[in-house]
Amino acid sequence: MFGRSRIGPVLCALGLVLAAPAAPAGAVSTGAGTVAAEPAAAPATTLRAAMEGSGVDTLNPFLAFFNGALDVFGLVYPALNSLDPSGAPGPYLATAWEPSTDKLTWTFTIREGLTWSDGKPITAEDAAWTLNLIRTDAVAGTANGSLVSNFAEVSAPSPTTLVIRTKAPQASVPYTSIPTTGIPIVPKHVWEPLAKNLKDAKNDAFPLVGYGPWTLTEYKHEQYARFSANKKFVLGAPGFDNLVLQSFKSGDAAVAALRSGQIDYKAGVNPTQFKALQADPAIAAVQTVGNGWMGLEINHNARTRSGKKIGTGHPALGDPALRRAIALATDKQTLVTKVIDGVGQLGHGYLPPAWPQWFWKPAEVTPYDPAQANKVLDEAGYTKGADGVRIDPKSGRPLAFRFGIHSDDSADAAISGYVVGWMKEIGIKLTIQSLSMSALNSDLAKGDWDLLMDAWTTGPDPTYLLGIQSCGTLPKDDGTGGNTDSFFCDAAYDELFKKQLTTFDQAERAKVIGQMQDILYKANVNQIYYYANGLDVARKDTVTGLTLGAPDANGVYPSQTAFWSYLKATPPQVTKKAEKSSNVWLYVVIALVVVAGGAVIVWRRRTAGDDRE
């Protein structure tokens, strides 16, 4: 950028004039010449990004499952393993991991010399305590209990050895504790006193005691989270000194902040915003393969683990014929074309295309066929009333359902308009309820809803996402311990869930997981609409290195994670002309230029190659 020479004073004379250059600011003059002072410390750098749209439900890592919270935990708490760019387990707290011959015992070698941010040593006991608490305590297992449901015992025979014994062989053990989508390891000395009343633990004493690429130093709910870099992080120091994740009420507000320079980066803009930003020369815009789904959830039978019915869901939704009719009346291709502008794929299976080893398509795709939907309802005895709304023959109630959508999600709003119209064509009346993320989630856990728009993302191991459809994630009678999203519970599905955990051959495991997705597809409790590509945008003048990996033939990058993106991001490598030579001031011999009988003396500083751009 600064390829020009710095022009010094122009001196006119009748003859040659010699003059010493003025000492640079901060330099000291001595009898022997001018000695440069120590350069001033570089100003701190801050990466400013939009917080994930779901926000943070809680800073308690045992209870949270909103993406915004999981991103935070991935940044500030360690995991046993990291993930390499291909999605395979890599080192983090553990440097090595090995199963026994019978595949029932996994031994992890834990690094020596790492400390929590309060200076206490990190040992295998922290990991053992965290995993055992989740395994044995229903409240602690609220968010991640399904990941350790097959664990029989976890021990730390030494500070550098962690041993996990499973009830049956489990292929996914190295994925149990990974950043963001797995279990974060917490400091035992901080959390042990909180364990007796874990459901009320706020975890809001800052800076949080943790260990990761970042330390959470300040958090304001629905406003921002502020982090400082851990320059001694074992996987490499972050490229920025500070990180701020800012919450926005809408995607449009976040995009406006990006354009104005208030933030540097936003992941997950909508297609309209993306196309507009692609045309902005100041913005870098990239697509990433979809790592999640958007779809409809149906409250078909809300109940607890003991079978106790809960909530206010419409009883007719328990009828498979009604749910199939809803699926037949939904034009998914229109949603892909109109809502996400074709930037994504049609949805069928429960696992997204980001992880092709688990991606599944049904042998028989449910078509868009409203005539068939009407026929199914006619045959099931749902007759239309005078107002055109069908009546449930068992309860005598009209098929009038609440349709919950996220108030801050433009995709939900767009989808709901289409769905309301399609359901009206088959005699179903939907009343849209626009709710905040927290309100919607609260209603979900209680079963106080009929239909909900929802979206989930997942990492390369599908255990967690598959697990939330298992019977074990239903709530207990007291309302605790559950992380279900649609109250699905099926004995055959649960048996397959256990089987896939114990299948080490990836091809065989994929077959089992395909059978699980087939059960979910035919149940029509979770109707997957589409897998949208990730659409990420950043300012070129303030950040680089956020997007990792190489794009495919269509220019689509691999799925990204906040852990690696924020760690690898750096300020653009723009070096001002004074920076590369702040300690050495070199002046060339005076150049004499004769102009019209006079002399012009021009002082030049040598232009280094590093100054050029």
# chains A, B, ... in the order shown; residues from 1 in each chain; ligands from 1
$ select_by_dssp --residues "segment 247-344 of chain A" --states "alpha helix (DSSP H)" --output "PyMOL selection string"
chain A and resi 251-260+271-278+320-328+332-334
$ write_last_selection --atoms "N, CA and C atoms" --output "PDB file, in the first residue's frame"
ATOM      1  N   GLY A 251     -31.462 -10.342  11.394  1.00  0.00           N
ATOM      2  CA  GLY A 251     -30.372 -10.490  10.448  1.00  0.00           C
ATOM      3  C   GLY A 251     -30.098  -9.210   9.687  1.00  0.00           C
ATOM      4  N   ASP A 252     -31.153  -8.452   9.385  1.00  0.00           N
ATOM      5  CA  ASP A 252     -30.966  -7.190   8.670  1.00  0.00           C
ATOM      6  C   ASP A 252     -30.132  -6.210   9.486  1.00  0.00           C
ATOM      7  N   ALA A 253     -30.369  -6.198  10.799  1.00  0.00           N
ATOM      8  CA  ALA A 253     -29.598  -5.294  11.664  1.00  0.00           C
ATOM      9  C   ALA A 253     -28.125  -5.691  11.671  1.00  0.00           C
ATOM     10  N   ALA A 254     -27.854  -6.996  11.683  1.00  0.00           N
ATOM     11  CA  ALA A 254     -26.473  -7.466  11.672  1.00  0.00           C
ATOM     12  C   ALA A 254     -25.784  -7.117  10.359  1.00  0.00           C
ATOM     13  N   VAL A 255     -26.497  -7.265   9.250  1.00  0.00           N
ATOM     14  CA  VAL A 255     -25.924  -6.933   7.942  1.00  0.00           C
ATOM     15  C   VAL A 255     -25.628  -5.443   7.853  1.00  0.00           C
ATOM     16  N   ALA A 256     -26.537  -4.615   8.375  1.00  0.00           N
ATOM     17  CA  ALA A 256     -26.295  -3.174   8.381  1.00  0.00           C
ATOM     18  C   ALA A 256     -25.048  -2.839   9.194  1.00  0.00           C
ATOM     19  N   ALA A 257     -24.862  -3.552  10.310  1.00  0.00           N
ATOM     20  CA  ALA A 257     -23.673  -3.335  11.140  1.00  0.00           C
ATOM     21  C   ALA A 257     -22.409  -3.747  10.395  1.00  0.00           C
ATOM     22  N   LEU A 258     -22.486  -4.796   9.603  1.00  0.00           N
ATOM     23  CA  LEU A 258     -21.339  -5.230   8.804  1.00  0.00           C
ATOM     24  C   LEU A 258     -20.984  -4.175   7.764  1.00  0.00           C
ATOM     25  N   ARG A 259     -21.979  -3.682   7.082  1.00  0.00           N
ATOM     26  CA  ARG A 259     -21.738  -2.670   6.042  1.00  0.00           C
ATOM     27  C   ARG A 259     -21.113  -1.409   6.622  1.00  0.00           C
ATOM     28  N   SER A 260     -21.569  -1.021   7.807  1.00  0.00           N
ATOM     29  CA  SER A 260     -21.087   0.223   8.406  1.00  0.00           C
ATOM     30  C   SER A 260     -19.739   0.067   9.092  1.00  0.00           C
ATOM     31  N   PRO A 271     -30.325 -15.626   1.656  1.00  0.00           N
ATOM     32  CA  PRO A 271     -29.905 -15.513   0.251  1.00  0.00           C
ATOM     33  C   PRO A 271     -30.017 -14.109  -0.333  1.00  0.00           C
ATOM     34  N   THR A 272     -31.061 -13.376   0.037  1.00  0.00           N
ATOM     35  CA  THR A 272     -31.209 -12.009  -0.477  1.00  0.00           C
ATOM     36  C   THR A 272     -30.063 -11.127   0.002  1.00  0.00           C
ATOM     37  N   GLN A 273     -29.753 -11.225   1.291  1.00  0.00           N
ATOM     38  CA  GLN A 273     -28.644 -10.459   1.839  1.00  0.00           C
ATOM     39  C   GLN A 273     -27.328 -10.884   1.196  1.00  0.00           C
ATOM     40  N   PHE A 274     -27.163 -12.179   0.994  1.00  0.00           N
ATOM     41  CA  PHE A 274     -25.923 -12.706   0.434  1.00  0.00           C
ATOM     42  C   PHE A 274     -25.678 -12.160  -0.970  1.00  0.00           C
ATOM     43  N   LYS A 275     -26.692 -12.172  -1.803  1.00  0.00           N
ATOM     44  CA  LYS A 275     -26.527 -11.693  -3.179  1.00  0.00           C
ATOM     45  C   LYS A 275     -26.194 -10.208  -3.204  1.00  0.00           C
ATOM     46  N   ALA A 276     -26.811  -9.443  -2.318  1.00  0.00           N
ATOM     47  CA  ALA A 276     -26.520  -8.014  -2.259  1.00  0.00           C
ATOM     48  C   ALA A 276     -25.080  -7.776  -1.804  1.00  0.00           C
ATOM     49  N   LEU A 277     -24.635  -8.554  -0.824  1.00  0.00           N
ATOM     50  CA  LEU A 277     -23.284  -8.380  -0.301  1.00  0.00           C
ATOM     51  C   LEU A 277     -22.218  -8.898  -1.263  1.00  0.00           C
ATOM     52  N   GLN A 278     -22.561  -9.877  -2.090  1.00  0.00           N
ATOM     53  CA  GLN A 278     -21.616 -10.353  -3.107  1.00  0.00           C
ATOM     54  C   GLN A 278     -21.195  -9.238  -4.049  1.00  0.00           C
ATOM     55  N   PRO A 320     -50.952 -41.119  12.604  1.00  0.00           N
ATOM     56  CA  PRO A 320     -49.980 -41.153  11.504  1.00  0.00           C
ATOM     57  C   PRO A 320     -50.579 -40.723  10.163  1.00  0.00           C
ATOM     58  N   ALA A 321     -51.857 -41.001   9.947  1.00  0.00           N
ATOM     59  CA  ALA A 321     -52.494 -40.617   8.684  1.00  0.00           C
ATOM     60  C   ALA A 321     -52.536 -39.101   8.538  1.00  0.00           C
ATOM     61  N   LEU A 322     -52.835 -38.403   9.612  1.00  0.00           N
ATOM     62  CA  LEU A 322     -52.873 -36.937   9.568  1.00  0.00           C
ATOM     63  C   LEU A 322     -51.481 -36.375   9.296  1.00  0.00           C
ATOM     64  N   ARG A 323     -50.490 -36.929   9.952  1.00  0.00           N
ATOM     65  CA  ARG A 323     -49.131 -36.431   9.742  1.00  0.00           C
ATOM     66  C   ARG A 323     -48.648 -36.705   8.320  1.00  0.00           C
ATOM     67  N   ARG A 324     -49.035 -37.848   7.758  1.00  0.00           N
ATOM     68  CA  ARG A 324     -48.664 -38.135   6.366  1.00  0.00           C
ATOM     69  C   ARG A 324     -49.362 -37.155   5.422  1.00  0.00           C
ATOM     70  N   ALA A 325     -50.603 -36.825   5.717  1.00  0.00           N
ATOM     71  CA  ALA A 325     -51.318 -35.866   4.874  1.00  0.00           C
ATOM     72  C   ALA A 325     -50.622 -34.505   4.895  1.00  0.00           C
ATOM     73  N   ILE A 326     -50.150 -34.104   6.057  1.00  0.00           N
ATOM     74  CA  ILE A 326     -49.421 -32.834   6.162  1.00  0.00           C
ATOM     75  C   ILE A 326     -48.176 -32.880   5.284  1.00  0.00           C
ATOM     76  N   ALA A 327     -47.470 -34.026   5.301  1.00  0.00           N
ATOM     77  CA  ALA A 327     -46.270 -34.165   4.474  1.00  0.00           C
ATOM     78  C   ALA A 327     -46.615 -34.122   2.983  1.00  0.00           C
ATOM     79  N   LEU A 328     -47.683 -34.810   2.585  1.00  0.00           N
ATOM     80  CA  LEU A 328     -48.088 -34.834   1.177  1.00  0.00           C
ATOM     81  C   LEU A 328     -48.503 -33.454   0.682  1.00  0.00           C
ATOM     82  N   LYS A 332     -41.984 -28.926  -0.790  1.00  0.00           N
ATOM     83  CA  LYS A 332     -40.632 -28.595  -0.336  1.00  0.00           C
ATOM     84  C   LYS A 332     -39.816 -27.888  -1.413  1.00  0.00           C
ATOM     85  N   GLN A 333     -40.028 -28.291  -2.676  1.00  0.00           N
ATOM     86  CA  GLN A 333     -39.248 -27.671  -3.745  1.00  0.00           C
ATOM     87  C   GLN A 333     -39.526 -26.179  -3.843  1.00  0.00           C
ATOM     88  N   THR A 334     -40.767 -25.775  -3.624  1.00  0.00           N
ATOM     89  CA  THR A 334     -41.090 -24.345  -3.622  1.00  0.00           C
ATOM     90  C   THR A 334     -40.343 -23.629  -2.501  1.00  0.00           C
TER      91      THR A 334
END
$ closest_atom_pairs --of "segment 440-541 of chain A" --to "segment 179-182 of chain A" --cutoff "8 Å" --atoms "only C-alpha atoms" --output "JSON lines"
{"residue": "A:Thr458", "atom": "CA", "partner": "A:Thr181", "partner_atom": "CA", "distance": 6.8}
{"residue": "A:Gly459", "atom": "CA", "partner": "A:Thr181", "partner_atom": "CA", "distance": 6.0}
{"residue": "A:Tyr464", "atom": "CA", "partner": "A:Gly182", "partner_atom": "CA", "distance": 7.9}
$ write_last_selection --atoms "N, CA, C and O atoms" --output "PDB file, in the first residue's frame"
ATOM      1  N   THR A 458     -25.329 -30.176  13.132  1.00  0.00           N
ATOM      2  CA  THR A 458     -24.591 -31.260  13.758  1.00  0.00           C
ATOM      3  C   THR A 458     -23.175 -31.303  13.236  1.00  0.00           C
ATOM      4  O   THR A 458     -22.885 -30.828  12.134  1.00  0.00           O
ATOM      5  N   GLY A 459     -22.292 -31.882  14.036  1.00  0.00           N
ATOM      6  CA  GLY A 459     -20.915 -32.117  13.629  1.00  0.00           C
ATOM      7  C   GLY A 459     -20.790 -33.453  12.917  1.00  0.00           C
ATOM      8  O   GLY A 459     -21.798 -34.101  12.602  1.00  0.00           O
ATOM      9  N   TYR A 464     -25.148 -37.193  18.850  1.00  0.00           N
ATOM     10  CA  TYR A 464     -25.960 -36.232  19.597  1.00  0.00           C
ATOM     11  C   TYR A 464     -27.299 -35.989  18.917  1.00  0.00           C
ATOM     12  O   TYR A 464     -28.359 -36.081  19.553  1.00  0.00           O
TER      13      TYR A 464
END
$ residues_around --residues "Tyr265 of chain A" --least-positions-apart "2" --cutoff "9 Å" --atoms "only C-alpha atoms" --output "PyMOL selection string"
chain A and resi 47-50+258+263+267+536-539+543+546
$ select_by_dssp --residues "segment 117-329 of chain A" --states "strand (DSSP E)" --output "number ranges by chain"
A: 151-158, 161-166, 214-220, 224-229, 242-246, 265-267, 283-288, 292-298
$ residues_around --residues "segment 62-74 of chain A" --least-positions-apart "6" --cutoff "8 Å" --atoms "only C-alpha atoms" --output "NGL selection string"
:A and (51-56 or 134 or 139-144 or 179-181 or 184 or 199 or 212 or 562-563)
$ atom_distance --atom1 "atom CA of Thr105 of chain A" --atom2 "atom CA of Ile183 of chain A"
18.8 Å
$ closest_residue --among "A:Pro460, A:Gly342, A:Gly307, A:Gly313" --to "Asp477 of chain A" --atoms "only C-alpha atoms"
A:Gly307
$ atom_distance --atom1 "atom CA of Lys568 of chain A" --atom2 "atom CA of Gly239 of chain A"
6.1 Å
$ closest_residue --among "A:Gln560, A:Asn270, A:Thr160, A:Asn60" --to "Asp200 of chain A" --atoms "only C-alpha atoms"
A:Asn60
$ closest_residue --among "A:Ala229, A:Ala507, A:Val244, A:Val556" --to "Ala354 of chain A" --atoms "only C-alpha atoms"
A:Val556
$ closest_residue --among "A:Phe206, A:Phe108, A:Tyr382, A:Phe401" --to "Thr312 of chain A" --atoms "only C-alpha atoms"
A:Phe401
$ closest_residue --among "A:Phe233, A:Trp360, A:Trp106, A:Phe488" --to "Ser172 of chain A" --atoms "only C-alpha atoms"
A:Trp106
$ atom_distance --atom1 "atom CA of Gln262 of chain A" --atom2 "atom CA of Ser407 of chain A"
23.9 Å
$ closest_residue --among "A:Ser442, A:Asn81, A:Gln469, A:Thr502" --to "Tyr175 of chain A" --atoms "only C-alpha atoms"
A:Asn81
$ residues_around --residues "Gly549 of chain A" --least-positions-apart "2" --cutoff "10 Å" --atoms "only C-alpha atoms" --output "PyMOL selection string"
chain A and resi 85-86+547+551-552+557-560
$ residues_around --residues "His221 of chain A" --least-positions-apart "4" --cutoff "10 Å" --atoms "only C-alpha atoms" --output "PyMOL selection string"
chain A and resi 55-59+225+247
$ write_last_selection --atoms "all heavy atoms" --output "mmCIF file, in the first residue's frame"
data_model
loop_
_atom_site.group_PDB
_atom_site.id
_atom_site.type_symbol
_atom_site.label_atom_id
_atom_site.label_comp_id
_atom_site.auth_asym_id
_atom_site.auth_seq_id
_atom_site.Cartn_x
_atom_site.Cartn_y
_atom_site.Cartn_z
ATOM 1 N N GLY A 55 -28.780 -17.106 19.828
ATOM 2 C CA GLY A 55 -28.362 -16.482 21.068
ATOM 3 C C GLY A 55 -27.903 -17.508 22.093
ATOM 4 O O GLY A 55 -27.656 -18.666 21.778
ATOM 5 N N VAL A 56 -27.789 -17.076 23.329
ATOM 6 C CA VAL A 56 -27.319 -17.911 24.433
ATOM 7 C C VAL A 56 -28.487 -18.182 25.361
ATOM 8 O O VAL A 56 -29.055 -17.247 25.937
ATOM 9 C CB VAL A 56 -26.173 -17.219 25.197
ATOM 10 C CG1 VAL A 56 -25.774 -18.017 26.434
ATOM 11 C CG2 VAL A 56 -24.965 -17.012 24.273
ATOM 12 N N ASP A 57 -28.876 -19.446 25.507
ATOM 13 C CA ASP A 57 -29.971 -19.758 26.428
ATOM 14 C C ASP A 57 -29.491 -19.742 27.873
ATOM 15 O O ASP A 57 -30.208 -19.306 28.769
ATOM 16 C CB ASP A 57 -30.630 -21.093 26.077
ATOM 17 C CG ASP A 57 -29.646 -22.233 25.868
ATOM 18 O OD1 ASP A 57 -28.466 -21.952 25.602
ATOM 19 O OD2 ASP A 57 -30.065 -23.402 25.944
ATOM 20 N N THR A 58 -28.282 -20.233 28.119
ATOM 21 C CA THR A 58 -27.683 -20.214 29.451
ATOM 22 C C THR A 58 -26.189 -20.405 29.306
ATOM 23 O O THR A 58 -25.719 -21.048 28.361
ATOM 24 C CB THR A 58 -28.268 -21.324 30.349
ATOM 25 O OG1 THR A 58 -27.528 -21.380 31.583
ATOM 26 C CG2 THR A 58 -28.184 -22.689 29.680
ATOM 27 N N LEU A 59 -25.426 -19.864 30.253
ATOM 28 C CA LEU A 59 -23.985 -20.080 30.282
ATOM 29 C C LEU A 59 -23.618 -21.326 31.090
ATOM 30 O O LEU A 59 -22.446 -21.596 31.309
ATOM 31 C CB LEU A 59 -23.274 -18.857 30.855
ATOM 32 C CG LEU A 59 -23.207 -17.642 29.925
ATOM 33 C CD1 LEU A 59 -22.586 -16.451 30.660
ATOM 34 C CD2 LEU A 59 -22.415 -17.950 28.657
ATOM 35 N N ALA A 225 -20.992 -10.768 24.004
ATOM 36 C CA ALA A 225 -20.029 -11.538 24.793
ATOM 37 C C ALA A 225 -18.646 -11.053 24.387
ATOM 38 O O ALA A 225 -18.352 -10.918 23.200
ATOM 39 C CB ALA A 225 -20.177 -13.031 24.532
ATOM 40 N N SER A 247 -24.924 -9.478 19.765
ATOM 41 C CA SER A 247 -26.268 -9.969 19.488
ATOM 42 C C SER A 247 -27.068 -8.911 18.726
ATOM 43 O O SER A 247 -26.945 -7.710 18.989
ATOM 44 C CB SER A 247 -26.984 -10.302 20.803
ATOM 45 O OG SER A 247 -28.306 -10.724 20.568
#
$ closest_atom_pairs --of "segment 214-313 of chain A" --to "segment 448-453 of chain A" --cutoff "10 Å" --atoms "only C-alpha atoms" --output "tab-separated table"
residue	atom	partner	partner_atom	distance
A:Met294	CA	A:Met453	CA	7.6
A:Gly295	CA	A:Met453	CA	6.0
A:Leu296	CA	A:Met453	CA	4.8
A:Glu297	CA	A:Leu452	CA	5.2
A:Ile298	CA	A:Leu451	CA	4.8
A:Asn299	CA	A:Asp450	CA	5.2
A:His300	CA	A:Asp450	CA	7.9
A:Asn301	CA	A:Asp450	CA	9.9
A:Ala302	CA	A:Asp448	CA	8.8
A:Ile310	CA	A:Asp448	CA	8.3
A:Gly311	CA	A:Asp448	CA	4.7
A:Thr312	CA	A:Asp448	CA	4.8
A:Gly313	CA	A:Asp450	CA	5.0
